[in-house]
file protein-v5.tsv (TSV, C-alpha atoms)
chain	number	residue	atom	x	y	z
A	20	MET	CA	-13.39	-5.66	-40.63
A	21	TYR	CA	-13.35	-8.12	-37.74
A	22	LEU	CA	-9.60	-8.28	-38.15
A	23	LYS	CA	-9.33	-4.51	-37.88
A	24	LEU	CA	-11.53	-4.52	-34.79
A	25	PHE	CA	-9.44	-7.28	-33.27
A	26	TRP	CA	-6.15	-5.52	-34.07
A	27	SER	CA	-7.32	-2.16	-32.66
A	28	PHE	CA	-8.37	-3.63	-29.35
A	29	PHE	CA	-5.30	-5.84	-29.25
A	30	GLN	CA	-3.20	-2.66	-29.26
A	31	ILE	CA	-5.40	-1.10	-26.58
A	32	GLY	CA	-4.95	-4.18	-24.42
A	33	LEU	CA	-1.21	-4.25	-25.01
A	34	PHE	CA	-0.43	-0.64	-24.23
A	35	SER	CA	-2.83	0.26	-21.43
A	36	PHE	CA	-0.70	0.18	-18.32
A	37	GLY	CA	-2.07	1.20	-14.96
A	38	GLY	CA	-5.67	0.32	-15.78
A	39	GLY	CA	-8.86	2.34	-16.12
A	40	TYR	CA	-8.37	6.01	-16.66
A	41	ALA	CA	-4.87	5.64	-18.05
A	42	ALA	CA	-6.33	3.61	-20.92
A	43	MET	CA	-8.88	6.24	-21.96
A	44	PRO	CA	-6.74	8.39	-24.29
A	45	LEU	CA	-5.51	5.21	-25.96
A	46	ILE	CA	-9.05	3.95	-26.56
A	47	GLN	CA	-10.10	7.36	-27.82
A	48	ASN	CA	-7.18	7.43	-30.25
A	49	GLN	CA	-8.06	4.03	-31.74
A	50	VAL	CA	-11.84	4.25	-31.70
A	51	VAL	CA	-12.52	7.93	-32.45
A	52	ASP	CA	-9.46	9.39	-34.16
A	53	LEU	CA	-8.00	6.52	-36.18
A	54	ASN	CA	-11.05	4.46	-37.14
A	55	GLY	CA	-14.00	6.80	-36.66
A	56	TRP	CA	-16.12	4.03	-35.12
A	57	LEU	CA	-17.59	6.42	-32.57
A	58	THR	CA	-18.03	10.19	-32.45
A	59	MET	CA	-16.43	12.06	-29.56
A	60	SER	CA	-19.77	12.45	-27.77
A	61	GLU	CA	-20.56	8.74	-28.18
A	62	PHE	CA	-17.15	8.02	-26.70
A	63	ALA	CA	-17.97	10.27	-23.74
A	64	ASP	CA	-21.14	8.20	-23.28
A	65	VAL	CA	-19.10	5.00	-23.24
A	66	ILE	CA	-17.00	6.44	-20.42
A	67	THR	CA	-20.07	7.52	-18.46
A	68	ILE	CA	-21.68	4.12	-18.89
A	69	SER	CA	-18.42	2.38	-17.94
A	70	GLN	CA	-18.47	4.25	-14.68
A	71	MET	CA	-22.07	3.19	-14.12
A	72	THR	CA	-21.56	-0.50	-14.81
A	73	PRO	CA	-19.18	-3.07	-13.39
A	74	GLY	CA	-16.16	-4.16	-15.35
A	75	PRO	CA	-13.03	-2.64	-16.86
A	76	ILE	CA	-13.42	0.31	-19.23
A	77	GLY	CA	-11.38	-1.46	-21.92
A	78	ILE	CA	-13.78	-4.41	-21.99
A	79	ASN	CA	-16.78	-2.10	-21.86
A	80	ALA	CA	-15.50	-0.05	-24.79
A	81	ALA	CA	-14.67	-3.24	-26.70
A	82	THR	CA	-18.21	-4.55	-26.22
A	83	PHE	CA	-19.89	-1.26	-27.08
A	84	VAL	CA	-17.83	-0.58	-30.21
A	85	GLY	CA	-17.90	-4.24	-31.26
A	86	ILE	CA	-21.70	-4.35	-31.17
A	87	ARG	CA	-21.90	-1.14	-33.18
A	88	ILE	CA	-19.61	-2.41	-35.88
A	89	GLY	CA	-20.35	-6.10	-36.08
A	90	GLY	CA	-23.12	-7.13	-33.70
A	91	ILE	CA	-22.54	-9.61	-30.95
A	92	GLN	CA	-19.74	-11.36	-32.90
A	93	GLY	CA	-18.02	-7.98	-33.16
A	94	ALA	CA	-18.25	-7.55	-29.42
A	95	ILE	CA	-16.73	-10.97	-28.81
A	96	VAL	CA	-13.91	-10.39	-31.31
A	97	ALA	CA	-13.05	-6.99	-29.81
A	98	THR	CA	-13.14	-8.35	-26.26
A	99	ILE	CA	-10.84	-11.24	-27.14
A	100	GLY	CA	-8.46	-8.78	-28.79
A	101	CYS	CA	-8.47	-6.64	-25.68
A	102	VAL	CA	-7.78	-9.52	-23.28
A	103	LEU	CA	-5.27	-11.53	-25.31
A	104	PRO	CA	-2.14	-9.39	-24.69
A	105	SER	CA	-2.64	-9.32	-20.90
A	106	CYS	CA	-3.32	-13.02	-21.01
A	107	VAL	CA	0.03	-13.84	-22.62
A	108	ILE	CA	2.07	-11.35	-20.57
A	109	VAL	CA	0.44	-12.09	-17.22
A	110	LEU	CA	0.74	-15.86	-17.70
A	111	SER	CA	4.46	-15.50	-18.54
A	112	LEU	CA	5.02	-13.38	-15.43
A	113	ALA	CA	3.03	-15.86	-13.32
A	114	TYR	CA	5.18	-18.70	-14.63
A	115	ILE	CA	8.36	-16.80	-13.72
A	116	TYR	CA	6.94	-15.86	-10.30
A	117	TYR	CA	6.10	-19.43	-9.31
A	118	LYS	CA	9.39	-20.75	-10.66
A	119	TYR	CA	11.68	-18.27	-8.91
A	120	ARG	CA	9.83	-16.96	-5.89
A	121	GLY	CA	11.88	-19.20	-3.59
A	122	LEU	CA	15.07	-17.28	-4.40
A	123	ASP	CA	16.35	-14.78	-1.84
A	124	THR	CA	16.67	-11.91	-4.30
A	125	VAL	CA	13.13	-12.46	-5.59
A	126	GLN	CA	11.89	-12.66	-2.00
A	127	GLY	CA	13.60	-9.33	-1.32
A	128	VAL	CA	12.00	-7.70	-4.34
A	129	LEU	CA	8.59	-9.04	-3.33
A	130	ASN	CA	9.08	-7.79	0.24
A	131	GLY	CA	9.63	-4.33	-1.23
A	132	LEU	CA	6.60	-4.59	-3.50
A	133	ARG	CA	4.01	-5.62	-0.89
A	134	PRO	CA	3.96	-2.35	1.09
A	135	ALA	CA	3.91	-0.37	-2.17
A	136	VAL	CA	0.89	-2.35	-3.37
A	137	ILE	CA	-0.95	-1.69	-0.10
A	138	ALA	CA	-0.18	2.02	-0.55
A	139	MET	CA	-1.44	2.06	-4.14
A	140	ILE	CA	-4.72	0.37	-3.20
A	141	GLY	CA	-4.96	2.88	-0.32
A	142	SER	CA	-4.44	5.78	-2.69
A	143	ALA	CA	-7.21	4.49	-4.98
A	144	GLY	CA	-9.48	4.05	-1.93
A	145	VAL	CA	-8.93	7.57	-0.63
A	146	ALA	CA	-9.46	9.04	-4.12
A	147	LEU	CA	-12.76	7.15	-4.40
A	148	MET	CA	-13.80	8.30	-0.91
A	149	ILE	CA	-13.18	11.95	-1.83
A	150	LEU	CA	-15.10	11.45	-5.06
A	151	ALA	CA	-18.03	10.01	-3.11
A	152	PHE	CA	-18.00	12.70	-0.40
A	153	TRP	CA	-17.72	15.71	-2.73
A	154	ASN	CA	-19.46	14.09	-5.68
A	155	GLY	CA	-16.67	14.89	-8.11
A	156	LYS	CA	-16.52	18.59	-7.20
A	157	ALA	CA	-13.38	20.13	-5.78
A	158	MET	CA	-12.62	19.05	-2.23
A	159	THR	CA	-12.93	21.76	0.40
A	160	ILE	CA	-11.36	21.79	3.85
A	161	THR	CA	-14.35	23.60	5.35
A	162	GLY	CA	-16.69	20.88	4.14
A	163	ASP	CA	-18.78	23.04	1.83
A	164	GLY	CA	-20.75	20.98	-0.64
A	165	ILE	CA	-20.02	17.77	1.21
A	166	ASP	CA	-22.54	14.99	0.69
A	167	TYR	CA	-23.56	13.99	4.22
A	168	VAL	CA	-25.56	11.02	2.98
A	169	ALA	CA	-22.44	9.58	1.37
A	170	VAL	CA	-20.40	10.30	4.50
A	171	SER	CA	-22.99	8.49	6.64
A	172	ILE	CA	-23.18	5.50	4.32
A	173	PHE	CA	-19.40	5.31	4.27
A	174	THR	CA	-19.07	5.53	8.05
A	175	ILE	CA	-21.75	2.93	8.77
A	176	ALA	CA	-20.37	0.58	6.10
A	177	PHE	CA	-16.85	0.97	7.45
A	178	VAL	CA	-17.88	0.22	11.04
A	179	ILE	CA	-19.86	-2.86	9.97
A	180	LEU	CA	-16.94	-4.12	7.89
A	181	ARG	CA	-14.42	-3.65	10.72
A	182	LYS	CA	-16.58	-5.04	13.51
A	183	TRP	CA	-18.41	-7.92	11.90
A	184	LYS	CA	-16.28	-8.62	8.81
A	185	ALA	CA	-19.35	-8.37	6.62
A	186	ASN	CA	-19.36	-9.58	3.02
A	187	PRO	CA	-18.22	-6.59	0.88
A	188	ILE	CA	-20.74	-7.36	-1.85
A	189	HIS	CA	-23.63	-7.25	0.62
A	190	ILE	CA	-22.32	-3.90	1.85
A	191	MET	CA	-22.22	-2.54	-1.71
A	192	VAL	CA	-25.75	-3.73	-2.51
A	193	VAL	CA	-27.19	-2.31	0.71
A	194	ALA	CA	-25.32	0.99	0.17
A	195	GLY	CA	-26.89	1.21	-3.29
A	196	LEU	CA	-30.36	0.54	-1.90
A	197	ILE	CA	-29.91	3.19	0.82
A	198	GLY	CA	-28.86	5.62	-1.92
A	199	LEU	CA	-32.02	4.81	-3.85
A	200	CYS	CA	-34.17	5.38	-0.75
A	201	ILE	CA	-32.56	8.64	0.42
A	202	TYR	CA	-31.22	10.57	-2.59
A	203	PRO	CA	-34.62	11.20	-4.26
A	204	PHE	CA	-35.52	13.31	-1.21
A	205	VAL	CA	-32.29	15.26	-0.73
A	206	LEU	CA	-31.13	15.97	-4.29
B	13	MET	CA	-8.40	-29.39	-2.86
B	14	LYS	CA	-10.01	-31.71	-5.39
B	15	LYS	CA	-10.01	-30.49	-8.98
B	16	ASP	CA	-13.27	-31.93	-10.23
B	17	ILE	CA	-16.09	-30.38	-12.21
B	18	LYS	CA	-17.44	-28.90	-8.98
B	19	PHE	CA	-14.18	-27.08	-8.31
B	20	TYR	CA	-14.06	-25.58	-11.80
B	21	PHE	CA	-17.65	-24.51	-11.54
B	22	LYS	CA	-16.95	-22.89	-8.17
B	23	LEU	CA	-13.98	-21.05	-9.70
B	24	PHE	CA	-16.08	-19.83	-12.62
B	25	ALA	CA	-19.06	-18.87	-10.47
B	26	SER	CA	-16.97	-16.91	-7.96
B	27	THR	CA	-15.09	-14.89	-10.60
B	28	PHE	CA	-18.34	-14.23	-12.48
B	29	TYR	CA	-20.00	-13.04	-9.29
B	30	LEU	CA	-17.05	-10.84	-8.27
B	31	SER	CA	-16.73	-9.31	-11.73
B	32	ALA	CA	-20.42	-8.39	-11.73
B	33	PHE	CA	-19.72	-6.26	-8.64
B	34	THR	CA	-16.49	-4.45	-9.54
B	35	PHE	CA	-17.98	-0.99	-9.56
B	36	GLY	CA	-15.65	1.94	-9.11
B	37	GLY	CA	-12.53	0.77	-10.94
B	38	GLY	CA	-10.38	-2.32	-11.18
B	39	PHE	CA	-8.96	-1.99	-7.68
B	40	VAL	CA	-12.26	-3.05	-6.16
B	41	ILE	CA	-11.65	-6.60	-7.39
B	42	ILE	CA	-8.69	-6.92	-5.00
B	43	PRO	CA	-10.64	-6.66	-1.71
B	44	LEU	CA	-13.39	-8.82	-3.20
B	45	MET	CA	-10.96	-11.53	-4.30
B	46	ARG	CA	-9.14	-11.36	-1.00
B	47	LYS	CA	-12.39	-11.93	0.87
B	48	LYS	CA	-13.41	-14.82	-1.39
B	49	PHE	CA	-10.16	-16.68	-2.09
B	50	VAL	CA	-8.10	-15.82	1.01
B	51	ASP	CA	-10.63	-15.52	3.85
B	52	GLN	CA	-13.52	-17.67	2.67
B	53	TYR	CA	-12.09	-20.51	0.53
B	54	LYS	CA	-8.52	-20.29	1.92
B	55	TRP	CA	-7.15	-21.19	-1.51
B	56	ILE	CA	-4.44	-18.49	-1.50
B	57	ASP	CA	-2.53	-16.90	1.37
B	58	GLU	CA	-2.39	-13.21	2.17
B	59	LYS	CA	1.18	-12.51	1.03
B	60	GLU	CA	0.73	-14.39	-2.20
B	61	MET	CA	-2.40	-12.36	-2.94
B	62	LEU	CA	-0.34	-9.16	-2.57
B	63	ASP	CA	2.33	-10.53	-4.92
B	64	LEU	CA	-0.34	-11.40	-7.47
B	65	THR	CA	-1.77	-7.88	-7.11
B	66	ALA	CA	1.66	-6.41	-7.86
B	67	ILE	CA	1.98	-8.55	-11.00
B	68	ALA	CA	-1.56	-7.61	-12.09
B	69	GLN	CA	-0.68	-3.94	-11.64
B	70	ALA	CA	2.60	-4.10	-13.49
B	71	SER	CA	1.14	-5.85	-16.54
B	72	PRO	CA	-0.75	-4.09	-19.33
B	73	GLY	CA	-4.51	-4.40	-19.49
B	74	ALA	CA	-7.31	-4.24	-16.94
B	75	ILE	CA	-6.31	-5.01	-13.33
B	76	ALA	CA	-9.47	-7.05	-12.76
B	77	VAL	CA	-8.76	-9.29	-15.75
B	78	ASN	CA	-5.07	-9.64	-14.87
B	79	ALA	CA	-5.84	-10.54	-11.26
B	80	ALA	CA	-8.39	-13.12	-12.43
B	81	ILE	CA	-5.85	-14.68	-14.81
B	82	LEU	CA	-3.33	-14.97	-11.96
B	83	VAL	CA	-5.76	-16.51	-9.51
B	84	GLY	CA	-6.97	-18.98	-12.13
B	85	TYR	CA	-3.42	-19.94	-13.10
B	86	ARG	CA	-2.38	-20.34	-9.46
B	87	LEU	CA	-5.29	-22.63	-8.66
B	88	ALA	CA	-5.61	-24.70	-11.81
B	89	GLY	CA	-2.97	-23.83	-14.42
B	90	ILE	CA	-3.78	-22.61	-17.92
B	91	LEU	CA	-7.24	-24.19	-17.86
B	92	GLY	CA	-7.96	-22.36	-14.61
B	93	ALA	CA	-6.85	-19.08	-16.17
B	94	MET	CA	-9.16	-19.64	-19.16
B	95	ILE	CA	-12.08	-20.27	-16.80
B	96	THR	CA	-11.44	-17.17	-14.69
B	97	ILE	CA	-10.97	-14.97	-17.80
B	98	LEU	CA	-14.34	-16.14	-19.08
B	99	GLY	CA	-15.91	-15.54	-15.67
B	100	THR	CA	-14.49	-12.02	-15.49
B	101	VAL	CA	-15.21	-10.92	-19.05
B	102	LEU	CA	-18.75	-12.28	-19.39
B	103	PRO	CA	-20.55	-9.94	-16.94
B	104	PRO	CA	-19.38	-6.68	-18.57
B	105	LEU	CA	-19.91	-8.21	-22.02
B	106	LEU	CA	-23.50	-9.20	-21.20
B	107	ILE	CA	-24.34	-6.01	-19.33
B	108	LEU	CA	-22.93	-3.69	-22.00
B	109	SER	CA	-24.63	-5.68	-24.77
B	110	LEU	CA	-27.97	-5.15	-23.04
B	111	ILE	CA	-27.34	-1.50	-22.27
B	112	SER	CA	-26.20	-0.67	-25.80
B	113	LEU	CA	-29.78	-1.38	-26.88
B	114	ALA	CA	-31.03	1.59	-24.86
B	115	TYR	CA	-27.98	3.40	-23.61
B	116	THR	CA	-29.31	6.95	-23.55
B	117	GLU	CA	-32.20	5.88	-21.30
B	118	PHE	CA	-29.78	4.09	-19.02
B	119	ARG	CA	-27.36	7.01	-18.95
B	120	ASP	CA	-30.10	9.48	-17.98
B	121	SER	CA	-31.91	7.21	-15.52
B	122	LEU	CA	-32.33	8.79	-12.09
B	123	ILE	CA	-32.78	5.45	-10.34
B	124	VAL	CA	-29.41	4.25	-11.62
B	125	LYS	CA	-27.86	7.54	-10.54
B	126	TYR	CA	-29.17	7.29	-6.95
B	127	VAL	CA	-28.14	3.66	-6.56
B	128	LEU	CA	-24.65	4.38	-7.89
B	129	ARG	CA	-24.12	7.32	-5.59
B	130	GLY	CA	-24.97	5.23	-2.57
B	131	MET	CA	-22.87	2.38	-3.84
B	132	GLN	CA	-19.84	4.61	-4.40
B	133	ALA	CA	-19.65	5.41	-0.68
B	134	GLY	CA	-20.01	1.70	0.12
B	135	VAL	CA	-17.24	0.75	-2.32
B	136	ALA	CA	-14.90	3.34	-0.79
B	137	ALA	CA	-15.55	1.80	2.65
B	138	VAL	CA	-14.80	-1.70	1.30
B	139	ILE	CA	-11.45	-0.65	-0.17
B	140	ILE	CA	-10.36	1.38	2.84
B	141	ASP	CA	-11.32	-1.45	5.21
B	142	VAL	CA	-9.03	-3.86	3.36
B	143	VAL	CA	-6.19	-1.32	3.26
B	144	VAL	CA	-6.51	-0.70	7.02
B	145	THR	CA	-6.39	-4.46	7.69
B	146	MET	CA	-3.32	-4.97	5.51
B	147	GLY	CA	-1.64	-1.81	6.82
B	148	ILE	CA	-2.09	-2.89	10.45
B	149	ASP	CA	-0.64	-6.33	9.65
B	150	LEU	CA	2.38	-4.66	8.10
B	151	ILE	CA	2.91	-2.26	10.99
B	152	LYS	CA	2.64	-5.14	13.48
B	153	GLU	CA	5.73	-6.72	11.92
B	154	ARG	CA	7.63	-3.74	13.36
B	155	LYS	CA	10.09	-3.42	10.50
B	156	VAL	CA	11.06	0.14	9.64
B	157	LEU	CA	11.78	-0.27	5.94
B	158	PRO	CA	8.43	-1.75	4.79
B	159	ILE	CA	6.54	0.89	6.78
B	160	MET	CA	8.61	3.63	5.19
B	161	VAL	CA	8.08	2.16	1.72
B	162	MET	CA	4.34	2.04	2.38
B	163	LEU	CA	4.12	5.66	3.55
B	164	SER	CA	6.33	7.08	0.81
B	165	SER	CA	4.49	5.05	-1.85
B	166	PHE	CA	1.22	6.48	-0.63
B	167	VAL	CA	2.56	10.02	-0.95
B	168	ALA	CA	3.98	9.19	-4.39
B	169	ALA	CA	0.70	7.69	-5.62
B	170	PHE	CA	-1.84	9.98	-4.01
B	171	PHE	CA	-0.21	13.41	-3.99
B	172	LEU	CA	2.45	13.20	-6.68
B	173	HIS	CA	0.55	10.90	-9.10
B	174	ILE	CA	3.71	9.00	-9.93
B	175	ASN	CA	3.39	6.33	-12.59
B	176	VAL	CA	2.49	2.88	-11.26
B	177	ILE	CA	5.19	1.08	-13.24
B	178	PHE	CA	7.86	3.38	-11.85
B	179	MET	CA	6.66	2.80	-8.28
B	180	ILE	CA	6.67	-0.96	-8.72
B	181	LEU	CA	10.21	-0.86	-10.13
B	182	ALA	CA	11.47	1.44	-7.37
B	183	SER	CA	9.94	-0.47	-4.45
B	184	GLY	CA	11.09	-3.78	-5.92
B	185	MET	CA	14.62	-2.45	-6.18
B	186	ILE	CA	14.57	-1.18	-2.60
B	187	GLY	CA	13.41	-4.61	-1.43
B	188	GLY	CA	16.04	-6.42	-3.48
B	189	MET	CA	18.80	-4.15	-2.20
B	190	ALA	CA	17.67	-4.53	1.41
B	191	MET	CA	17.79	-8.30	1.06
B	192	TYR	CA	21.25	-8.18	-0.51
B	193	TYR	CA	22.49	-5.81	2.18
B	194	SER	CA	21.21	-7.90	5.09
B	195	LYS	CA	22.75	-11.07	3.64
B	196	HIS	CA	26.04	-9.31	3.08
B	197	ILE	CA	26.16	-8.02	6.65
B	198	LYS	CA	25.34	-11.50	7.95
B	199	LYS	CA	28.17	-13.08	5.95
B	200	SER	CA	30.83	-10.62	7.06
B	201	GLY	CA	29.57	-11.02	10.64
B	202	GLU	CA	30.01	-14.79	10.48
B	203	GLY	CA	33.53	-14.35	9.10
B	204	LYS	CA	34.81	-12.65	12.22
call {"tool": "encode", "arguments": {"input": "protein-v5.tsv", "output": "structure tokens"}}
result
Amino acid sequence: MYLKLFWSFFQIGLFSFGGGYAAMPLIQNQVVDLNGWLTMSEFADVITISQMTPGPIGINAATFVGIRIGGIQGAIVATIGCVLPSCVIVLSLAYIYYKYRGLDTVQGVLNGLRPAVIAMIGSAGVALMILAFWNGKAMTITGDGIDYVAVSIFTIAFVILRKWKANPIHIMVVAGLIGLCIYPFVL
Amino acid sequence: MKKDIKFYFKLFASTFYLSAFTFGGGFVIIPLMRKKFVDQYKWIDEKEMLDLTAIAQASPGAIAVNAAILVGYRLAGILGAMITILGTVLPPLLILSLISLAYTEFRDSLIVKYVLRGMQAGVAAVIIDVVVTMGIDLIKERKVLPIMVMLSSFVAAFFLHINVIFMILASGMIGGMAMYYSKHIKKSGEGK
């Protein structure tokens, strides 16, 4: 049983490219459809809870399913299974990177990659900003249904980060506390 | 930098701390790591951090875990990678283990909901701040090609939802070709 758990999450770890949401159908396939470890509604809960807690969804699912099936040992086995493929692949790529990064061709490739990486992080940032401002509802140009509290928190946080280079974690904690103080009165 | 017990503990503690705060998807770990390892500890330089991000993106598995493996390996080899993996995996493992005891209560908790909604706006600001900083640095170099790659990649990722792997391959190829082209031009210029 532990072997099956390990193997399932090993496959999830191996085939989930692009992180987070891209991995969800894969996890669902292994955990709900193939092995019946969770029902569909329990799986939906795992996703909700993953969004509410820190950490990658793959690891969260591994822990949740692992505990269900085999207690804390199950969670550890599933998590190791999930991390092992990235571990091997990433370490091999890191080895190649540090061995060959001095070469001109590799430098050229990396010069092309850097702006693309900035753009991809930017795309994720803008998507998250829209999610925060419209709270997951469709975005509107007119600003209907916009969450002004979120817009204010965002703006203040952004100004503080730019001007005083504040610690991002402090910003996140304070933003959470402001949410806790204001949202009970406006929602 | 001295690699004693203190260094390894610092490495473990910082990845553990960062992982406990990666709300809002794996990308959040990048600004946090950049702040910690590039700005604060000065263990890794800016360009290298971007390269490591590209590798983390292109590999299967969670971005946060991949980035942690890379930083650990860069700083202290395989042992370093083991330490950073442990530091990154433990917070979600512990938190989810606790929550699974009473997950419906947690899921329906209003307090959690309010805190998370506030935090989401804060996280968005953190990511966009880092992107603005890196984008300005890139534009200051005044090279047309990287700026064009950045803008077109943004359109491809945000509006067209093009697969990450494909974007990494395409931009890498453009960079490789540009390097080849500029060397070729230089050589034929010297020949005259």
call {"tool": "axis_aligned_box", "arguments": {"input": "protein-v5.tsv", "around": "segment 89-104 of chain B", "padding_each_side": "6 Å", "output": "AutoDock Vina command-line options"}}
result
--center_x -11.8 --center_y -15.4 --center_z -16.9 --size_x 29.6 --size_y 29.5 --size_z 17.0
call {"tool": "closest_residue", "arguments": {"input": "protein-v5.tsv", "among": "B:Ala76, B:Val142, B:Leu122, B:Met189", "to": "Glu58 of chain B", "atoms": "all atoms listed in the file"}}
result
B:Val142
call {"tool": "closest_residue", "arguments": {"input": "protein-v5.tsv", "among": "A:Phe173, A:Phe62, A:Trp153, A:Tyr116", "to": "Gly195 of chain A", "atoms": "all atoms listed in the file"}}
result
A:Phe173
call {"tool": "closest_residue", "arguments": {"input": "protein-v5.tsv", "among": "B:Thr34, B:Thr145, B:Thr96, B:Gln52", "to": "chain A", "atoms": "all atoms listed in the file"}}
result
B:Thr34
call {"tool": "residues_around", "arguments": {"input": "protein-v5.tsv", "residues": "Ala63 of chain A", "least_positions_apart": "2", "cutoff": "12 Å", "atoms": "all atoms listed in the file", "output": "list in words"}}
result
Met43, Pro44, Ile46, Gln47, Val50, Val51, Leu57, Thr58, Met59, Ser60, Glu61, Val65, Ile66, Thr67, Ile68, Ser69, Gln70, Ile76 and Ala80 of chain A; Thr116 and Arg119 of chain B
